[in-house]
file structure.txt (compact mmCIF, C-alpha atoms and all ligand atoms)
# COMPACT_ATOMS: atom_id res chain seq x y z
CA MET J 1 6.08 -46.29 45.40
CA SER J 2 2.91 -47.16 43.48
CA PHE J 3 0.85 -44.33 44.99
CA ALA J 4 2.98 -41.90 42.96
CA GLY J 5 0.86 -42.85 39.94
CA LEU J 6 -2.02 -40.95 41.56
CA ASP J 7 -0.08 -37.66 41.73
CA PRO J 8 -1.35 -36.30 38.37
CA CYS J 9 -5.01 -36.44 39.52
CA VAL J 10 -6.55 -32.95 39.43
CA HIS J 11 -10.03 -34.12 40.55
CA CYS J 12 -11.63 -33.10 37.24
CA GLY J 13 -14.14 -35.95 37.37
CA PHE J 14 -13.85 -36.97 33.70
CA CYS J 15 -13.48 -40.58 34.86
CA LEU J 16 -16.74 -40.79 36.79
CA GLN J 17 -18.97 -41.90 33.91
CA SER J 18 -16.49 -44.66 33.03
CA CYS J 19 -16.67 -46.21 36.48
CA PRO J 20 -19.14 -49.11 36.72
CA THR J 21 -19.51 -48.87 40.50
CA PHE J 22 -20.23 -45.13 40.40
CA LEU J 23 -22.79 -45.66 37.63
CA VAL J 24 -24.64 -48.16 39.81
CA THR J 25 -24.36 -46.53 43.26
CA GLY J 26 -24.06 -42.83 42.32
CA ASP J 27 -21.78 -42.46 45.35
CA GLU J 28 -18.69 -40.24 44.87
CA THR J 29 -16.66 -42.48 47.20
CA ASP J 30 -17.45 -45.38 44.85
CA SER J 31 -15.86 -43.41 41.98
CA PRO J 32 -12.20 -43.25 40.89
CA ARG J 33 -11.93 -39.66 42.11
CA GLY J 34 -13.33 -40.57 45.54
CA ARG J 35 -11.10 -43.62 45.85
CA ILE J 36 -8.04 -41.60 44.86
CA VAL J 37 -8.77 -39.19 47.74
CA LEU J 38 -9.00 -42.21 50.08
CA MET J 39 -5.76 -43.74 48.79
CA ARG J 40 -3.92 -40.43 49.11
CA SER J 41 -5.07 -40.28 52.74
CA LEU J 42 -3.74 -43.80 53.22
CA ALA J 43 -0.40 -42.86 51.62
CA ARG J 44 -0.06 -39.80 53.89
CA GLY J 45 -0.96 -41.85 56.99
CA ASP J 46 -4.15 -39.86 57.64
CA LEU J 47 -6.23 -43.03 57.28
CA ASP J 48 -5.36 -46.42 58.74
CA ALA J 49 -5.32 -49.34 56.26
CA ALA J 50 -7.96 -51.12 58.35
CA ASP J 51 -10.29 -48.09 58.56
CA PRO J 52 -13.74 -49.20 57.30
CA ALA J 53 -14.23 -45.79 55.66
CA LEU J 54 -11.36 -46.76 53.35
CA THR J 55 -11.78 -50.53 53.01
CA PHE J 56 -15.51 -50.41 52.25
CA HIS J 57 -15.01 -48.38 49.08
CA LEU J 58 -11.74 -49.98 47.95
CA ASP J 59 -13.30 -53.44 48.40
CA ARG J 60 -16.07 -52.33 46.06
CA CYS J 61 -13.59 -51.27 43.35
CA LEU J 62 -13.51 -53.80 40.50
CA GLY J 63 -9.93 -53.00 39.58
CA CYS J 64 -11.24 -52.84 36.00
CA ARG J 65 -9.08 -49.78 35.22
CA GLY J 66 -11.83 -48.27 33.09
CA CYS J 67 -10.87 -44.97 34.74
CA GLU J 68 -7.35 -44.95 33.24
CA PRO J 69 -7.77 -44.50 29.47
CA VAL J 70 -10.30 -41.67 29.94
CA CYS J 71 -8.10 -39.71 32.36
CA PRO J 72 -6.63 -36.63 30.63
CA SER J 73 -3.89 -36.36 33.29
CA GLY J 74 -2.58 -39.92 32.82
CA VAL J 75 -3.33 -41.22 36.32
CA SER J 76 -2.04 -44.76 36.87
CA TYR J 77 -4.79 -46.17 39.07
CA GLY J 78 -4.19 -49.96 38.92
CA PRO J 79 -0.76 -50.14 40.62
CA ALA J 80 -1.96 -47.77 43.38
CA LEU J 81 -5.00 -49.94 44.07
CA GLU J 82 -2.76 -53.01 44.25
CA GLU J 83 -0.47 -51.24 46.72
CA ALA J 84 -3.46 -50.14 48.85
CA ARG J 85 -4.77 -53.70 48.91
CA ARG J 86 -1.35 -55.00 49.94
CA LEU J 87 -1.36 -52.60 52.90
CA ILE J 88 -4.96 -53.51 53.77
CA ALA J 89 -4.16 -57.25 53.68
CA ALA J 90 -1.35 -56.64 56.18
CA ARG J 91 -3.81 -55.07 58.64
CA ARG J 92 -7.02 -57.02 58.00
CA PRO J 93 -7.51 -60.72 57.11
CA VAL J 94 -8.27 -61.42 53.45
CA PRO J 95 -11.76 -63.04 53.27
CA PHE J 96 -11.69 -66.83 53.58
CA SER J 97 -13.39 -67.37 50.20
CA VAL J 98 -10.64 -65.36 48.47
CA ARG J 99 -7.77 -67.04 50.38
CA PHE J 100 -9.25 -70.46 49.65
CA THR J 101 -9.70 -69.73 45.93
CA ALA J 102 -6.21 -68.21 45.71
CA SER J 103 -4.63 -71.23 47.42
CA VAL J 104 -6.45 -73.71 45.17
CA LEU J 105 -5.44 -71.87 42.00
CA ALA J 106 -1.80 -71.65 43.12
CA GLU J 107 -1.41 -75.36 43.90
CA PRO J 108 -1.62 -77.70 40.87
CA ALA J 109 -1.98 -80.84 43.02
CA VAL J 110 -5.19 -79.44 44.55
CA ARG J 111 -6.39 -77.52 41.51
CA GLY J 112 -6.27 -80.47 39.10
CA PRO J 113 -8.69 -82.81 40.93
CA LEU J 114 -11.07 -79.92 41.74
CA MET J 115 -11.16 -78.87 38.09
CA THR J 116 -11.90 -82.47 37.09
CA LEU J 117 -14.79 -82.56 39.56
CA ALA J 118 -16.06 -79.23 38.23
CA LYS J 119 -16.03 -80.57 34.68
CA LEU J 120 -18.00 -83.64 35.78
CA ALA J 121 -20.55 -81.32 37.42
CA ARG J 122 -21.09 -79.24 34.26
CA PRO J 123 -24.13 -81.16 32.97
CA PHE J 124 -25.89 -80.64 36.32
CA ALA J 125 -24.83 -77.00 36.35
CA ARG J 126 -26.56 -76.48 32.99
CA TRP J 127 -29.71 -77.92 34.49
CA LEU J 128 -29.47 -75.78 37.69
CA ALA J 129 -28.48 -72.50 35.99
CA GLY J 130 -30.86 -69.66 36.70
CA ASP J 131 -31.45 -66.37 38.45
CA SER J 132 -31.01 -67.39 42.12
CA ARG J 133 -27.62 -67.15 43.87
CA VAL J 134 -27.06 -70.89 43.46
CA GLY J 135 -28.48 -70.80 39.94
CA PHE J 136 -26.07 -68.02 39.00
CA LEU J 137 -23.04 -69.93 40.32
CA ALA J 138 -24.26 -72.99 38.39
CA GLY J 139 -24.60 -70.79 35.30
CA MET J 140 -20.99 -69.67 35.69
CA LEU J 141 -19.81 -73.27 35.72
CA ALA J 142 -22.09 -74.19 32.83
CA ALA J 143 -20.57 -71.35 30.77
CA THR J 144 -17.11 -72.97 30.97
CA GLY J 145 -18.10 -75.82 28.65
CA PRO J 146 -17.51 -75.77 24.88
CA ARG J 147 -20.46 -74.21 23.04
CA ARG J 148 -20.98 -74.13 19.31
CA PRO J 149 -23.33 -71.39 18.11
CA GLN J 150 -26.06 -72.55 15.79
CA GLY J 151 -25.35 -71.47 12.22
CA PRO J 152 -27.65 -71.74 9.23
CA GLU J 153 -28.41 -75.09 7.60
CA GLY J 154 -25.44 -76.64 5.83
CA ALA J 155 -22.80 -74.53 7.57
CA GLN J 156 -21.53 -77.56 9.49
CA GLU J 157 -20.04 -79.19 6.39
CA PRO J 158 -16.35 -78.48 5.69
CA GLN J 159 -15.92 -76.11 2.79
CA ARG J 160 -12.83 -74.59 1.23
CA GLY J 161 -12.14 -70.95 2.07
CA GLU J 162 -10.37 -68.36 -0.05
CA ASP J 163 -6.94 -69.44 1.16
CA ASP J 164 -6.27 -73.14 1.60
CA ARG J 165 -2.51 -73.10 1.93
CA PRO J 166 -1.22 -74.69 5.16
CA SER J 167 0.36 -71.40 6.22
CA ARG J 168 0.43 -67.83 4.92
CA SER J 169 4.15 -67.40 5.25
CA ALA J 170 7.17 -69.07 3.67
CA ALA J 171 9.36 -67.74 6.52
CA PRO J 172 10.51 -70.18 9.23
CA PRO J 173 7.67 -70.62 11.75
CA ALA J 174 7.90 -68.23 14.70
CA PRO J 175 7.92 -70.05 18.06
CA ALA J 176 4.93 -69.31 20.29
CA ALA J 177 4.65 -70.62 23.84
CA LEU J 178 1.09 -70.76 25.16
CA PHE J 179 0.55 -69.54 28.71
CA ARG J 180 -1.78 -72.21 30.09
CA GLY J 181 -2.75 -70.59 33.41
CA CYS J 182 -4.98 -72.26 36.02
CA ILE J 183 -8.70 -71.87 35.24
CA MET J 184 -8.00 -71.73 31.51
CA ASP J 185 -6.07 -74.99 31.70
CA GLY J 186 -8.62 -76.67 33.96
CA LEU J 187 -11.95 -75.54 32.49
CA PHE J 188 -11.17 -74.00 29.10
CA SER J 189 -8.81 -76.54 27.54
CA HIS J 190 -10.99 -76.37 24.39
CA VAL J 191 -9.93 -72.71 24.03
CA HIS J 192 -6.28 -73.70 24.41
CA ARG J 193 -6.67 -76.26 21.63
CA ALA J 194 -8.38 -73.68 19.39
CA THR J 195 -5.61 -71.19 20.18
CA GLU J 196 -2.85 -73.59 19.21
CA ARG J 197 -4.59 -74.67 16.00
CA THR J 198 -5.26 -71.10 14.85
CA LEU J 199 -1.70 -70.04 15.69
CA ARG J 200 -0.26 -72.91 13.65
CA ALA J 201 -2.59 -72.08 10.75
CA ASN J 202 -1.07 -68.59 10.81
CA GLY J 203 2.54 -69.67 10.63
CA TYR J 204 3.49 -70.10 14.28
CA ARG J 205 5.22 -73.13 15.77
CA THR J 206 3.67 -73.83 19.16
CA VAL J 207 6.05 -74.73 21.98
CA ASP J 208 5.11 -76.50 25.23
CA VAL J 209 6.46 -74.93 28.43
CA PRO J 210 6.36 -77.29 31.42
CA GLY J 211 6.62 -75.93 34.95
CA GLN J 212 4.39 -72.89 34.41
CA GLY J 213 1.36 -72.17 36.65
CA CYS J 214 -1.21 -69.62 37.76
CA CYS J 215 -0.30 -66.02 36.82
CA GLY J 216 -0.99 -64.68 40.34
CA ALA J 217 -3.47 -61.97 39.29
CA LEU J 218 -6.10 -62.92 41.84
CA HIS J 219 -3.42 -62.96 44.54
CA ALA J 220 -1.99 -59.56 43.62
CA HIS J 221 -5.43 -57.95 43.36
CA ALA J 222 -6.44 -59.36 46.76
CA GLY J 223 -3.30 -58.02 48.46
CA LEU J 224 -1.63 -61.46 48.69
CA HIS J 225 1.62 -59.95 47.47
CA ASP J 226 4.07 -62.68 48.53
CA GLN J 227 2.05 -65.42 46.82
CA ALA J 228 1.82 -63.31 43.66
CA VAL J 229 5.60 -62.81 43.67
CA ALA J 230 6.23 -66.55 44.14
CA LEU J 231 3.92 -67.43 41.22
CA ALA J 232 5.54 -64.79 39.02
CA ARG J 233 9.02 -66.22 39.74
CA THR J 234 7.82 -69.72 38.81
CA ASN J 235 6.44 -68.54 35.46
CA VAL J 236 9.47 -66.40 34.62
CA ALA J 237 11.80 -69.34 35.30
CA ALA J 238 9.66 -71.66 33.14
CA PHE J 239 9.34 -69.34 30.12
CA ASN J 240 12.95 -68.19 30.28
CA ARG J 241 13.91 -71.76 29.30
CA VAL J 242 12.58 -70.89 25.81
CA PRO J 243 13.79 -67.27 25.46
CA GLU J 244 13.26 -67.29 21.70
CA ALA J 245 9.48 -67.88 22.00
CA ALA J 246 6.75 -65.27 22.29
CA ILE J 247 4.55 -65.87 25.34
CA VAL J 248 1.02 -66.06 23.94
CA VAL J 249 -1.85 -65.51 26.38
CA ASN J 250 -5.54 -66.12 25.68
CA ALA J 251 -6.89 -64.81 29.00
CA ALA J 252 -6.87 -61.02 29.27
CA GLY J 253 -6.48 -60.97 33.05
CA CYS J 254 -3.46 -63.27 32.89
CA GLY J 255 -1.94 -61.25 30.03
CA ALA J 256 -2.24 -58.00 31.98
CA MET J 257 -0.66 -59.65 35.01
CA LEU J 258 2.20 -61.19 33.05
CA LYS J 259 3.00 -57.82 31.50
CA GLU J 260 3.24 -56.40 35.05
CA TYR J 261 5.85 -58.93 36.24
CA PRO J 262 8.78 -56.49 35.85
CA ARG J 263 7.04 -54.14 38.32
CA LEU J 264 6.23 -57.01 40.71
CA LEU J 265 9.78 -58.41 40.50
CA ALA J 266 11.54 -55.03 40.33
CA GLY J 267 15.31 -55.39 40.25
CA ASP J 268 15.28 -59.06 39.17
CA PRO J 269 17.45 -59.47 36.04
CA ALA J 270 15.31 -62.47 34.99
CA VAL J 271 12.54 -60.09 33.83
CA LYS J 272 14.79 -58.05 31.50
CA GLY J 273 12.94 -57.80 28.17
CA TRP J 274 10.05 -59.84 29.59
CA THR J 275 7.07 -57.57 28.79
CA ALA J 276 7.98 -57.36 25.10
CA ARG J 277 7.66 -61.16 24.88
CA VAL J 278 4.08 -61.27 26.22
CA VAL J 279 1.31 -60.96 23.61
CA ASP J 280 -2.39 -61.57 23.63
CA VAL J 281 -3.43 -64.27 21.16
CA SER J 282 -5.37 -61.65 19.19
CA GLU J 283 -2.17 -59.60 18.79
CA ALA J 284 -0.26 -62.67 17.59
CA LEU J 285 -2.98 -63.58 15.08
CA ALA J 286 -3.44 -59.99 13.89
CA ALA J 287 0.32 -59.66 13.34
CA ALA J 288 0.15 -62.68 11.02
CA GLY J 289 -2.82 -61.45 8.99
CA PRO J 290 -4.77 -63.36 10.12
CA ARG J 291 -5.49 -65.82 7.35
CA ARG J 292 -9.14 -65.87 6.23
CA GLY J 293 -11.34 -68.86 6.93
CA ALA J 294 -14.64 -70.18 5.62
CA PRO J 295 -17.90 -68.22 5.97
CA LEU J 296 -19.62 -68.35 9.35
CA PRO J 297 -22.92 -66.52 8.87
CA LEU J 298 -23.56 -65.56 12.49
CA THR J 299 -24.26 -62.33 14.33
CA VAL J 300 -21.73 -61.70 17.10
CA ALA J 301 -21.32 -59.02 19.77
CA TYR J 302 -17.71 -58.62 20.87
CA ASP J 303 -17.35 -57.61 24.52
CA PRO J 304 -13.79 -56.49 25.28
CA PRO J 305 -12.42 -57.68 28.64
CA CYS J 306 -11.31 -54.75 30.83
CA HIS J 307 -7.84 -56.21 31.24
CA LEU J 308 -7.45 -56.28 27.47
CA LEU J 309 -9.04 -52.93 26.61
CA HIS J 310 -8.06 -50.78 29.61
CA ALA J 311 -5.05 -52.49 31.20
CA GLN J 312 -3.32 -53.66 27.99
CA ARG J 313 -4.94 -51.06 25.66
CA ILE J 314 -5.67 -53.71 22.99
CA ALA J 315 -8.79 -52.75 21.04
CA ASP J 316 -8.33 -53.52 17.33
CA ALA J 317 -6.60 -56.92 17.31
CA PRO J 318 -9.64 -58.98 18.46
CA LEU J 319 -11.77 -57.26 15.81
CA LYS J 320 -9.17 -58.21 13.16
CA VAL J 321 -9.52 -61.82 14.30
CA LEU J 322 -13.29 -61.64 13.82
CA GLU J 323 -12.92 -59.83 10.47
CA ALA J 324 -10.97 -62.83 9.15
CA ILE J 325 -14.24 -64.80 9.25
CA PRO J 326 -16.31 -64.11 6.12
CA GLU J 327 -20.02 -63.37 6.67
CA LEU J 328 -19.61 -63.01 10.44
CA GLN J 329 -21.59 -59.90 11.30
CA HIS J 330 -20.27 -57.89 14.23
CA VAL J 331 -22.72 -55.68 16.11
CA ALA J 332 -21.54 -53.06 18.62
CA HIS J 333 -23.30 -52.55 21.93
CA GLY J 334 -23.39 -49.53 24.23
CA GLU J 335 -21.93 -51.13 27.36
CA ALA J 336 -18.83 -52.61 25.70
CA ASP J 337 -16.36 -50.32 27.51
CA LEU J 338 -17.76 -51.14 30.96
CA CYS J 339 -16.82 -54.05 33.20
CA CYS J 340 -19.21 -57.04 33.41
CA GLY J 341 -18.74 -57.27 37.20
CA SER J 342 -16.63 -60.42 37.16
CA ALA J 343 -13.25 -58.98 38.25
CA GLY J 344 -11.54 -62.05 39.72
CA SER J 345 -13.14 -62.90 43.05
CA TYR J 346 -15.47 -59.86 42.99
CA SER J 347 -18.59 -61.90 42.26
CA LEU J 348 -17.83 -63.88 45.43
CA THR J 349 -17.01 -60.94 47.70
CA GLU J 350 -19.48 -58.36 46.35
CA PRO J 351 -22.27 -60.49 44.84
CA ALA J 352 -25.04 -57.87 44.90
CA LEU J 353 -23.00 -55.08 43.29
CA SER J 354 -21.47 -57.53 40.82
CA ARG J 355 -24.95 -58.59 39.65
CA ALA J 356 -26.18 -54.99 39.45
CA ILE J 357 -23.18 -54.11 37.24
CA LEU J 358 -23.74 -57.20 35.10
CA GLU J 359 -27.42 -56.41 34.56
CA ARG J 360 -26.53 -53.27 32.55
CA LYS J 361 -24.34 -55.37 30.25
CA VAL J 362 -26.89 -58.16 29.87
CA SER J 363 -29.66 -55.66 29.03
CA ALA J 364 -27.47 -54.12 26.32
CA LEU J 365 -26.60 -57.53 24.85
CA ALA J 366 -30.15 -58.85 25.07
CA SER J 367 -31.47 -55.89 23.08
CA GLY J 368 -29.80 -57.23 19.90
CA LYS J 369 -30.57 -60.41 17.95
CA LEU J 370 -27.37 -62.32 18.61
CA ASP J 371 -26.18 -65.81 17.75
CA VAL J 372 -23.10 -65.54 19.96
CA VAL J 373 -21.13 -63.23 22.27
CA ALA J 374 -17.33 -63.24 22.05
CA THR J 375 -14.95 -62.17 24.81
CA GLY J 376 -11.34 -63.04 25.62
CA ASN J 377 -11.24 -63.74 29.34
CA PRO J 378 -12.53 -66.76 31.31
CA GLY J 379 -14.10 -64.67 34.10
CA CYS J 380 -16.04 -62.63 31.54
CA VAL J 381 -17.20 -65.78 29.69
CA MET J 382 -18.51 -67.18 32.99
CA GLN J 383 -20.07 -63.94 34.26
CA ILE J 384 -21.76 -62.92 31.00
CA GLY J 385 -22.76 -66.52 30.24
CA ALA J 386 -24.42 -66.86 33.66
CA GLY J 387 -26.03 -63.42 33.37
CA LEU J 388 -27.56 -64.18 29.98
CA ARG J 389 -28.81 -67.54 31.23
CA ALA J 390 -30.28 -65.93 34.38
CA ALA J 391 -32.13 -63.45 32.17
CA GLY J 392 -33.51 -66.31 30.05
CA HIS J 393 -31.26 -65.92 26.98
CA ASP J 394 -29.52 -69.06 25.78
CA VAL J 395 -26.80 -67.27 23.81
CA PRO J 396 -23.36 -68.95 23.83
CA VAL J 397 -20.42 -66.90 25.09
CA VAL J 398 -17.12 -67.96 23.51
CA HIS J 399 -13.55 -66.80 23.02
CA PRO J 400 -12.94 -65.07 19.63
CA VAL J 401 -10.38 -67.74 18.69
CA GLU J 402 -13.10 -70.39 19.00
CA LEU J 403 -15.00 -68.68 16.17
CA LEU J 404 -11.85 -68.42 14.05
CA ASP J 405 -11.08 -72.05 14.80
CA ARG J 406 -14.55 -73.10 13.64
CA SER J 407 -14.16 -71.04 10.49
CA TYR J 408 -10.77 -72.65 9.78
CA ALA J 409 -12.16 -76.15 10.38
CA LEU J 410 -15.01 -75.45 7.95
CA ALA J 411 -12.41 -74.24 5.44
CA GLY J 412 -10.69 -77.60 5.73
CA TYR J 413 -7.40 -76.24 7.13
CA TYR J 414 -7.67 -78.93 9.78
CA SER J 415 -10.35 -80.92 11.58
CA ALA J 416 -11.48 -79.67 14.99
S1 LIG V 1 -8.36 -39.74 37.82
FE1 LIG V 1 -8.05 -38.43 36.03
S2 LIG V 1 -10.12 -38.15 35.18
FE2 LIG V 1 -10.39 -38.92 37.28
S3 LIG V 1 -10.59 -37.09 38.55
FE3 LIG V 1 -8.38 -37.61 38.55
S4 LIG V 1 -7.50 -36.41 36.84
FE4 LIG V 1 -9.74 -36.40 36.55
S1 LIG V 2 -10.88 -49.56 38.58
FE1 LIG V 2 -12.99 -49.66 37.72
S2 LIG V 2 -14.37 -49.78 39.50
FE2 LIG V 2 -12.33 -49.11 40.27
S3 LIG V 2 -12.44 -46.87 40.30
FE3 LIG V 2 -11.56 -47.43 38.28
S4 LIG V 2 -13.34 -47.58 36.89
FE4 LIG V 2 -14.14 -47.60 39.00

call {"tool": "encode", "arguments": {"input": "structure.txt", "output": "structure tokens"}}
result
Amino acid sequence: MSFAGLDPCVHCGFCLQSCPTFLVTGDETDSPRGRIVLMRSLARGDLDAADPALTFHLDRCLGCRGCEPVCPSGVSYGPALEEARRLIAARRPVPFSVRFTASVLAEPAVRGPLMTLAKLARPFARWLAGDSRVGFLAGMLAATGPRRPQGPEGAQEPQRGEDDRPSRSAAPPAPAALFRGCIMDGLFSHVHRATERTLRANGYRTVDVPGQGCCGALHAHAGLHDQAVALARTNVAAFNRVPEAAIVVNAAGCGAMLKEYPRLLAGDPAVKGWTARVVDVSEALAAAGPRRGAPLPLTVAYDPPCHLLHAQRIADAPLKVLEAIPELQHVAHGEADLCCGSAGSYSLTEPALSRAILERKVSALASGKLDVVATGNPGCVMQIGAGLRAAGHDVPVVHPVELLDRSYALAGYYSA
């Protein structure tokens, strides 16, 4: 049972300062330690799953898992939270906004037309983006569009880099199957194209996998367990048709979810060896070098998505991707380890706390002179992009592979 992962907790409190909700509210029951006490009470049957004393504080948990890497006892918080939410969903209706979003994302026939409408609305969203509730939602949509950071004069012309061979390796190209997802496929297709181009430039052979769909993360985190299981089975069946290919993911939340499929589908032989096949795009590129591109003289702040840094424990690979771009200057910021407040449907269900959490991040980013912010998850791109816009900063937020892609195009490896 997933609550067993909480057993090592000794209530030391080392995790408190890594918890974004505790940092904002200062309330012990909004901390990992407080929530673990609540979940243990649920597991023992001392608290009912519909008890507001429990649900109020678990609803306010981002599921960011920032409490896990700092825990000296090795508490496994994420699976316990998912189990608690499954029990809560069985006793209390999941909010309509979450059920609606989850249903849309799960159903391609509904998702496709809505994503097309959203893309058509982007120009208006840019115009409406601002600090109000509506302005913030518009800013989130506006942030999904392709953005090219302004470089210095002349940087737009293609120029040869240090390495202009078509591929670094003489070995047969390794097959890589891109996980397309739902929001990524609908609103971030430019990131998918950049991902495939940069993978091919680093010696991979990209493979299309029809029949795949949403990863089910939003469903699992909301307690919609059966829907999450159904989506996982669909994806496993699709990718098992190309068992020789690595499954490359460019959305941290999806990657973390895919790596959890063997736990979700426990006992299913179809997931044997599954997790070892799933890699973040930064891992795939870092494993291949990555090949250096042309100079891109920009100042970038990298903001690691929680589901990359905490859930998948991937810290160095995205930095290696950025280091392959000559003259790109990376500046660190003090809030990098903390969640931006996006967390799936959190900005819909807990808008005030989500914004309060985001404001810390935006203040940290706005204190530096940046040309661009890079982060590897669509929710983070939208949340940070909207937050910067609401605070009056027109700084593009992009995926790290978009910067590498631009650098490669300038080097003349391909045209993008
Ligand atoms: S989760 Fe870990 S760090 Fe937090 S109180 Fe428990 S043992 Fe300490
Ligand atoms: S998952 Fe994130 S918000 Fe929830 S208790 Fe852990 S650090 Fe806090």

call {"tool": "residues_near_ligand", "arguments": {"input": "structure.txt", "ligand": "ligand LIG 1 (chain V)", "cutoff": "12 Å", "atoms": "all atoms listed in the file", "output": "VMD selection string"}}
result
chain J and resid 5 to 19 28 to 29 31 to 37 39 to 40 65 to 78 80

call {"tool": "closest_residue", "arguments": {"input": "structure.txt", "among": "J:Met140, J:Val236, J:Arg313, J:Glu244", "to": "Lys272 in chain J", "atoms": "only C-alpha atoms"}}
result
J:Val236

call {"tool": "residues_around", "arguments": {"input": "structure.txt", "residues": "Phe96 in chain J", "least_positions_apart": "5", "cutoff": "10 Å", "atoms": "all atoms listed in the file", "output": "list in words"}}
result
Thr101, Ala102 and Thr349 of chain J

call {"tool": "closest_residue", "arguments": {"input": "structure.txt", "among": "J:Cys214, J:Leu137, J:Ala311, J:Ala129", "to": "ligand LIG 2 (chain V)", "atoms": "all atoms listed in the file"}}
result
J:Ala311

call {"tool": "closest_residue", "arguments": {"input": "structure.txt", "among": "J:Ala220, J:Leu187, J:Thr234, J:Gly26", "to": "Val94 in chain J", "atoms": "all atoms listed in the file"}}
result
J:Ala220

call {"tool": "atom_distance", "arguments": {"input": "structure.txt", "atom1": "CA of Arg147 in chain J", "atom2": "CA of Leu365 in chain J"}}
result
17.9 Å

call {"tool": "closest_residue", "arguments": {"input": "structure.txt", "among": "J:Arg99, J:Arg85, J:Arg148, J:Arg92", "to": "Leu403 in chain J", "atoms": "all atoms listed in the file"}}
result
J:Arg148

call {"tool": "closest_residue", "arguments": {"input": "structure.txt", "among": "J:Ala409, J:Cys339, J:Ala284, J:Ala232", "to": "ligand LIG 2 (chain V)", "atoms": "all atoms listed in the file"}}
result
J:Cys339

call {"tool": "residues_around", "arguments": {"input": "structure.txt", "residues": "range 352-357 of chain J", "least_positions_apart": "4", "cutoff": "10 Å", "atoms": "all atoms listed in the file", "output": "PyMOL selection string"}}
result
chain J and resi 20-25+60+62+133+136+338-343+346-348+361-362+383+387

call {"tool": "write_last_selection", "arguments": {"input": "structure.txt", "atoms": "C-alpha atoms", "output": "PDB file, in the frame of the given file"}}
result
ATOM      1  CA  PRO J  20     -19.140 -49.110  36.720  1.00  0.00           C
ATOM      2  CA  THR J  21     -19.510 -48.870  40.500  1.00  0.00           C
ATOM      3  CA  PHE J  22     -20.230 -45.130  40.400  1.00  0.00           C
ATOM      4  CA  LEU J  23     -22.790 -45.660  37.630  1.00  0.00           C
ATOM      5  CA  VAL J  24     -24.640 -48.160  39.810  1.00  0.00           C
ATOM      6  CA  THR J  25     -24.360 -46.530  43.260  1.00  0.00           C
ATOM      7  CA  ARG J  60     -16.070 -52.330  46.060  1.00  0.00           C
ATOM      8  CA  LEU J  62     -13.510 -53.800  40.500  1.00  0.00           C
ATOM      9  CA  ARG J 133     -27.620 -67.150  43.870  1.00  0.00           C
ATOM     10  CA  PHE J 136     -26.070 -68.020  39.000  1.00  0.00           C
ATOM     11  CA  LEU J 338     -17.760 -51.140  30.960  1.00  0.00           C
ATOM     12  CA  CYS J 339     -16.820 -54.050  33.200  1.00  0.00           C
ATOM     13  CA  CYS J 340     -19.210 -57.040  33.410  1.00  0.00           C
ATOM     14  CA  GLY J 341     -18.740 -57.270  37.200  1.00  0.00           C
ATOM     15  CA  SER J 342     -16.630 -60.420  37.160  1.00  0.00           C
ATOM     16  CA  ALA J 343     -13.250 -58.980  38.250  1.00  0.00           C
ATOM     17  CA  TYR J 346     -15.470 -59.860  42.990  1.00  0.00           C
ATOM     18  CA  SER J 347     -18.590 -61.900  42.260  1.00  0.00           C
ATOM     19  CA  LEU J 348     -17.830 -63.880  45.430  1.00  0.00           C
ATOM     20  CA  LYS J 361     -24.340 -55.370  30.250  1.00  0.00           C
ATOM     21  CA  VAL J 362     -26.890 -58.160  29.870  1.00  0.00           C
ATOM     22  CA  GLN J 383     -20.070 -63.940  34.260  1.00  0.00           C
ATOM     23  CA  GLY J 387     -26.030 -63.420  33.370  1.00  0.00           C
TER      24      GLY J 387
END

call {"tool": "axis_aligned_box", "arguments": {"input": "structure.txt", "around": "ligand LIG 2 (chain V)", "padding_each_side": "5 Å", "output": "JSON"}}
result
{"center_x": -12.6, "center_y": -48.3, "center_z": 38.6, "size_x": 13.5, "size_y": 12.9, "size_z": 13.4}

call {"tool": "closest_residue", "arguments": {"input": "structure.txt", "among": "J:Gly293, J:Pro175, J:Gly376, J:Pro79", "to": "Val397 in chain J", "atoms": "all atoms listed in the file"}}
result
J:Gly376

call {"tool": "atom_distance", "arguments": {"input": "structure.txt", "atom1": "CA of Cys64 in chain J", "atom2": "CA of Arg86 in chain J"}}
result
17.2 Å

call {"tool": "atom_distance", "arguments": {"input": "structure.txt", "atom1": "CA of Glu283 in chain J", "atom2": "CA of Leu319 in chain J"}}
result
10.3 Å

call {"tool": "residues_around", "arguments": {"input": "structure.txt", "residues": "Pro123 in chain J", "least_positions_apart": "6", "cutoff": "10 Å", "atoms": "only C-alpha atoms", "output": "PyMOL selection string"}}
result
chain J and resi 138+141-142+145

call {"tool": "write_last_selection", "arguments": {"input": "structure.txt", "atoms": "C-alpha atoms", "output": "tab-separated table (two decimals), in the frame of the given file"}}
result
chain	number	residue	atom	x	y	z
J	138	ALA	CA	-24.26	-72.99	38.39
J	141	LEU	CA	-19.81	-73.27	35.72
J	142	ALA	CA	-22.09	-74.19	32.83
J	145	GLY	CA	-18.10	-75.82	28.65
